[in-house]
Amino acid sequence: MHSTPKNLQIIFEDNHLIVINKRSGDIVQGDKTGDLPLSEVVKLYLKEKYNKPGEAYLGVVHRLDRPTSGVVIFSKTSKALSRLNKAFANRDTQKLYWAVVKNKPKQESARLVHYLKRNPKQNKSYAHIKPVPESKEAILSYQLIKSLDNYHLLEIGLETGRHHQIRSQLSAIGSPIKGDLKYGFDRSNKDASIHLHARKLTITHPVRKEKITFEAAPPEDVIWNSCLS
């Protein structure tokens, strides 16, 4: 019997893909912090599960910000990786996020278009209404789906995939995400998470060519649980 490493929430696995519900705080791929990335945890799981003599192959298809939770796809073959990379580059994917904000947006639903300029030193993106030098167009649509006493749950569809896009654009309309100090929320969450969750991801399966949707349950906490109840 093989055991799944603790904290590894597998949503789906076949010969080509493995899909994980990433916890807030995990990094998808190694970075300068030197912390163990999710990609390595998944590799170890595959090596153990299939008794692989060498290192298991794992391709990183896309990333989520460290404090964000939700659906992350990894490829188990190089063929799947190149096809998925192409699909993500061509925006042949549908990404749906949930975000909890304190300030209810003026409109219950809207399509936001900004021009994001990234500041690598601060690891932050600034949203502008008009294009500025070195900015990239960022587009999302949001819909208010639930209001709690102090917080509001938004469902967000991404049309572009920019650095910190949702965080920056929601902050720009005065609705920063709960816990997101970097983008203007007044205090951080105790566990350093932010209330941004990659809820659903729809892709065309790289081998079977059919549309497939993965859905991830949000983290267990009072606010998320209230959003679901």
# chains A, B, ... in the order shown; residues from 1 in each chain; ligands from 1
>>> residues_around(residues="Val101 of chain A", least_positions_apart="3", cutoff="9 Å", atoms="only C-alpha atoms", output="compact mmCIF listing (two decimals) with N, CA and C atoms, in the first residue's frame")
# COMPACT_ATOMS: atom_id res chain seq x y z
N LYS A 104 -17.75 45.69 -0.65
CA LYS A 104 -18.57 45.22 -1.77
C LYS A 104 -18.34 46.14 -2.98
N PRO A 105 -18.06 45.56 -4.15
CA PRO A 105 -17.86 46.41 -5.33
C PRO A 105 -19.13 47.21 -5.64
N ASN A 150 -19.75 40.70 7.07
CA ASN A 150 -18.66 41.65 6.82
C ASN A 150 -17.91 41.43 5.52
N TYR A 151 -18.20 40.34 4.86
CA TYR A 151 -17.42 39.99 3.67
C TYR A 151 -18.32 39.61 2.51
N HIS A 152 -17.73 39.65 1.32
CA HIS A 152 -18.49 39.35 0.10
C HIS A 152 -17.70 38.37 -0.75
N LEU A 153 -18.39 37.38 -1.29
CA LEU A 153 -17.75 36.37 -2.13
C LEU A 153 -17.97 36.73 -3.60
N LEU A 154 -16.87 36.84 -4.32
CA LEU A 154 -16.94 37.13 -5.75
C LEU A 154 -16.47 35.91 -6.54
N LEU A 170 -8.76 43.83 -8.29
CA LEU A 170 -9.78 44.03 -7.26
C LEU A 170 -9.38 45.16 -6.32
N SER A 175 -11.73 46.96 -3.64
CA SER A 175 -12.16 45.72 -2.96
C SER A 175 -11.00 44.74 -2.82
N PRO A 176 -9.97 45.10 -2.02
CA PRO A 176 -8.85 44.17 -1.87
C PRO A 176 -9.30 42.85 -1.22
N ILE A 177 -8.56 41.80 -1.52
CA ILE A 177 -8.91 40.45 -1.03
C ILE A 177 -8.54 40.33 0.44
N LYS A 178 -9.40 39.63 1.19
CA LYS A 178 -9.17 39.43 2.63
C LYS A 178 -7.77 38.84 2.87
N PHE A 185 -5.33 45.31 1.80
CA PHE A 185 -6.23 44.88 2.88
C PHE A 185 -5.60 45.31 4.21
N HIS A 195 -7.59 35.21 0.89
CA HIS A 195 -8.84 34.52 0.53
C HIS A 195 -9.08 34.58 -0.99
>>> select_by_dssp(residues="segment 116-191 of chain A", states="helix (DSSP H, G or I)", output="list in words")
Gln165, Ile166, Arg167, Ser168, Gln169, Leu170, Ser171, Ala172, Leu181, Lys182 and Tyr183 of chain A
>>> write_last_selection(atoms="N, CA and C atoms", output="PDB file, in the first residue's frame")
ATOM      1  N   GLN A 165      -2.812  39.324 -11.119  1.00  0.00           N
ATOM      2  CA  GLN A 165      -3.870  40.059 -11.809  1.00  0.00           C
ATOM      3  C   GLN A 165      -5.121  40.300 -10.965  1.00  0.00           C
ATOM      4  N   ILE A 166      -5.674  39.235 -10.377  1.00  0.00           N
ATOM      5  CA  ILE A 166      -6.929  39.387  -9.628  1.00  0.00           C
ATOM      6  C   ILE A 166      -6.701  40.285  -8.414  1.00  0.00           C
ATOM      7  N   ARG A 167      -5.588  40.058  -7.745  1.00  0.00           N
ATOM      8  CA  ARG A 167      -5.278  40.829  -6.534  1.00  0.00           C
ATOM      9  C   ARG A 167      -5.173  42.319  -6.862  1.00  0.00           C
ATOM     10  N   SER A 168      -4.464  42.614  -7.943  1.00  0.00           N
ATOM     11  CA  SER A 168      -4.235  44.004  -8.333  1.00  0.00           C
ATOM     12  C   SER A 168      -5.516  44.669  -8.851  1.00  0.00           C
ATOM     13  N   GLN A 169      -6.277  43.954  -9.680  1.00  0.00           N
ATOM     14  CA  GLN A 169      -7.480  44.564 -10.257  1.00  0.00           C
ATOM     15  C   GLN A 169      -8.573  44.782  -9.208  1.00  0.00           C
ATOM     16  N   LEU A 170      -8.758  43.831  -8.294  1.00  0.00           N
ATOM     17  CA  LEU A 170      -9.784  44.030  -7.261  1.00  0.00           C
ATOM     18  C   LEU A 170      -9.382  45.156  -6.316  1.00  0.00           C
ATOM     19  N   SER A 171      -8.093  45.243  -6.032  1.00  0.00           N
ATOM     20  CA  SER A 171      -7.596  46.344  -5.201  1.00  0.00           C
ATOM     21  C   SER A 171      -7.865  47.686  -5.892  1.00  0.00           C
ATOM     22  N   ALA A 172      -7.707  47.711  -7.209  1.00  0.00           N
ATOM     23  CA  ALA A 172      -7.884  48.961  -7.970  1.00  0.00           C
ATOM     24  C   ALA A 172      -9.325  49.471  -7.929  1.00  0.00           C
ATOM     25  N   LEU A 181      -2.400  42.009   2.429  1.00  0.00           N
ATOM     26  CA  LEU A 181      -1.746  43.261   2.851  1.00  0.00           C
ATOM     27  C   LEU A 181      -1.071  43.969   1.682  1.00  0.00           C
ATOM     28  N   LYS A 182      -0.414  43.193   0.823  1.00  0.00           N
ATOM     29  CA  LYS A 182       0.342  43.762  -0.298  1.00  0.00           C
ATOM     30  C   LYS A 182      -0.552  44.614  -1.196  1.00  0.00           C
ATOM     31  N   TYR A 183      -1.823  44.236  -1.293  1.00  0.00           N
ATOM     32  CA  TYR A 183      -2.732  44.955  -2.179  1.00  0.00           C
ATOM     33  C   TYR A 183      -3.823  45.697  -1.408  1.00  0.00           C
TER      34      TYR A 183
END
>>> residues_around(residues="Ile203 of chain A", least_positions_apart="4", cutoff="12 Å", atoms="only C-alpha atoms", output="PyMOL selection string")
chain A and resi 17+19+61+71-73+80+83-88+90-96+207-215
>>> residues_around(residues="Asn225 of chain A", least_positions_apart="6", cutoff="12 Å", atoms="only C-alpha atoms", output="list of chain:residue names")
A:Val100, A:Leu148, A:Leu153, A:His195, A:Ala217, A:Pro218, A:Pro219
>>> atom_distance(atom1="atom CA of Asp35 of chain A", atom2="atom CA of Arg162 of chain A")
23.9 Å
>>> atom_distance(atom1="atom CA of Lys136 of chain A", atom2="atom CA of Thr68 of chain A")
21.9 Å
>>> residues_around(residues="His128 of chain A", least_positions_apart="4", cutoff="8 Å", atoms="only C-alpha atoms", output="list in words")
His114, Tyr115, Leu116, Lys117 and Val132 of chain A
>>> write_last_selection(atoms="C-alpha atoms", output="compact mmCIF listing (two decimals), in the first residue's frame")
# COMPACT_ATOMS: atom_id res chain seq x y z
CA HIS A 114 -6.68 47.46 -16.60
CA TYR A 115 -3.09 47.79 -17.73
CA LEU A 116 -0.78 46.12 -15.26
CA LYS A 117 2.79 47.20 -14.77
CA VAL A 132 1.56 52.97 -19.57
>>> closest_residue(among="A:Ile173, A:Leu8, A:Leu112, A:Ile129", to="Glu40 of chain A", atoms="only C-alpha atoms")
A:Leu8
>>> closest_residue(among="A:Lys146, A:His164, A:Arg199, A:Asp14", to="Ser226 of chain A", atoms="only C-alpha atoms")
A:Lys146
>>> atom_distance(atom1="atom CA of Ser82 of chain A", atom2="atom CA of Gly59 of chain A")
9.1 Å
>>> residues_around(residues="Ser141 of chain A", least_positions_apart="6", cutoff="8 Å", atoms="only C-alpha atoms", output="list in words")
Ser109, Ala110, Arg111, Leu112, Ile156, Gly157, Leu158 and Glu159 of chain A
>>> write_last_selection(atoms="N, CA and C atoms", output="PDB file, in the first residue's frame")
ATOM      1  N   SER A 109     -21.828  42.931 -10.782  1.00  0.00           N
ATOM      2  CA  SER A 109     -21.019  42.205 -11.759  1.00  0.00           C
ATOM      3  C   SER A 109     -20.448  43.207 -12.750  1.00  0.00           C
ATOM      4  N   ALA A 110     -19.240  42.938 -13.233  1.00  0.00           N
ATOM      5  CA  ALA A 110     -18.597  43.853 -14.175  1.00  0.00           C
ATOM      6  C   ALA A 110     -17.430  43.151 -14.853  1.00  0.00           C
ATOM      7  N   ARG A 111     -17.034  43.732 -15.980  1.00  0.00           N
ATOM      8  CA  ARG A 111     -15.815  43.273 -16.679  1.00  0.00           C
ATOM      9  C   ARG A 111     -14.778  44.362 -16.469  1.00  0.00           C
ATOM     10  N   LEU A 112     -13.661  44.003 -15.892  1.00  0.00           N
ATOM     11  CA  LEU A 112     -12.621  44.985 -15.576  1.00  0.00           C
ATOM     12  C   LEU A 112     -11.478  44.892 -16.577  1.00  0.00           C
ATOM     13  N   ILE A 156     -14.818  34.937 -10.137  1.00  0.00           N
ATOM     14  CA  ILE A 156     -14.036  35.678 -11.117  1.00  0.00           C
ATOM     15  C   ILE A 156     -13.644  34.786 -12.285  1.00  0.00           C
ATOM     16  N   GLY A 157     -13.903  35.268 -13.480  1.00  0.00           N
ATOM     17  CA  GLY A 157     -13.439  34.581 -14.690  1.00  0.00           C
ATOM     18  C   GLY A 157     -12.298  35.373 -15.286  1.00  0.00           C
ATOM     19  N   LEU A 158     -11.198  34.685 -15.556  1.00  0.00           N
ATOM     20  CA  LEU A 158     -10.020  35.367 -16.092  1.00  0.00           C
ATOM     21  C   LEU A 158      -9.990  35.281 -17.608  1.00  0.00           C
ATOM     22  N   GLU A 159      -9.750  36.408 -18.254  1.00  0.00           N
ATOM     23  CA  GLU A 159      -9.546  36.403 -19.707  1.00  0.00           C
ATOM     24  C   GLU A 159      -8.068  36.469 -20.058  1.00  0.00           C
TER      25      GLU A 159
END
>>> closest_residue(among="A:Ala99, A:Leu58, A:Leu81, A:Ala198", to="Trp224 of chain A", atoms="only C-alpha atoms")
A:Ala99
>>> closest_residue(among="A:Ser135, A:Gln29, A:Ser229, A:Ser193", to="His62 of chain A", atoms="only C-alpha atoms")
A:Gln29
>>> residues_around(residues="Lys47 of chain A", least_positions_apart="5", cutoff="7 Å", atoms="only C-alpha atoms", output="ChimeraX atom specification")
/A:52,55-56
>>> write_last_selection(atoms="C-alpha atoms", output="CSV table (one decimal), in the first residue's frame")
chain,number,residue,atom,x,y,z
A,52,LYS,CA,10.1,4.3,-10.0
A,55,GLU,CA,13.2,10.4,-10.5
A,56,ALA,CA,9.6,10.7,-11.6
>>> closest_residue(among="A:Thr160, A:Gln122, A:Ser147, A:Ser78", to="Asn103 of chain A", atoms="only C-alpha atoms")
A:Ser147
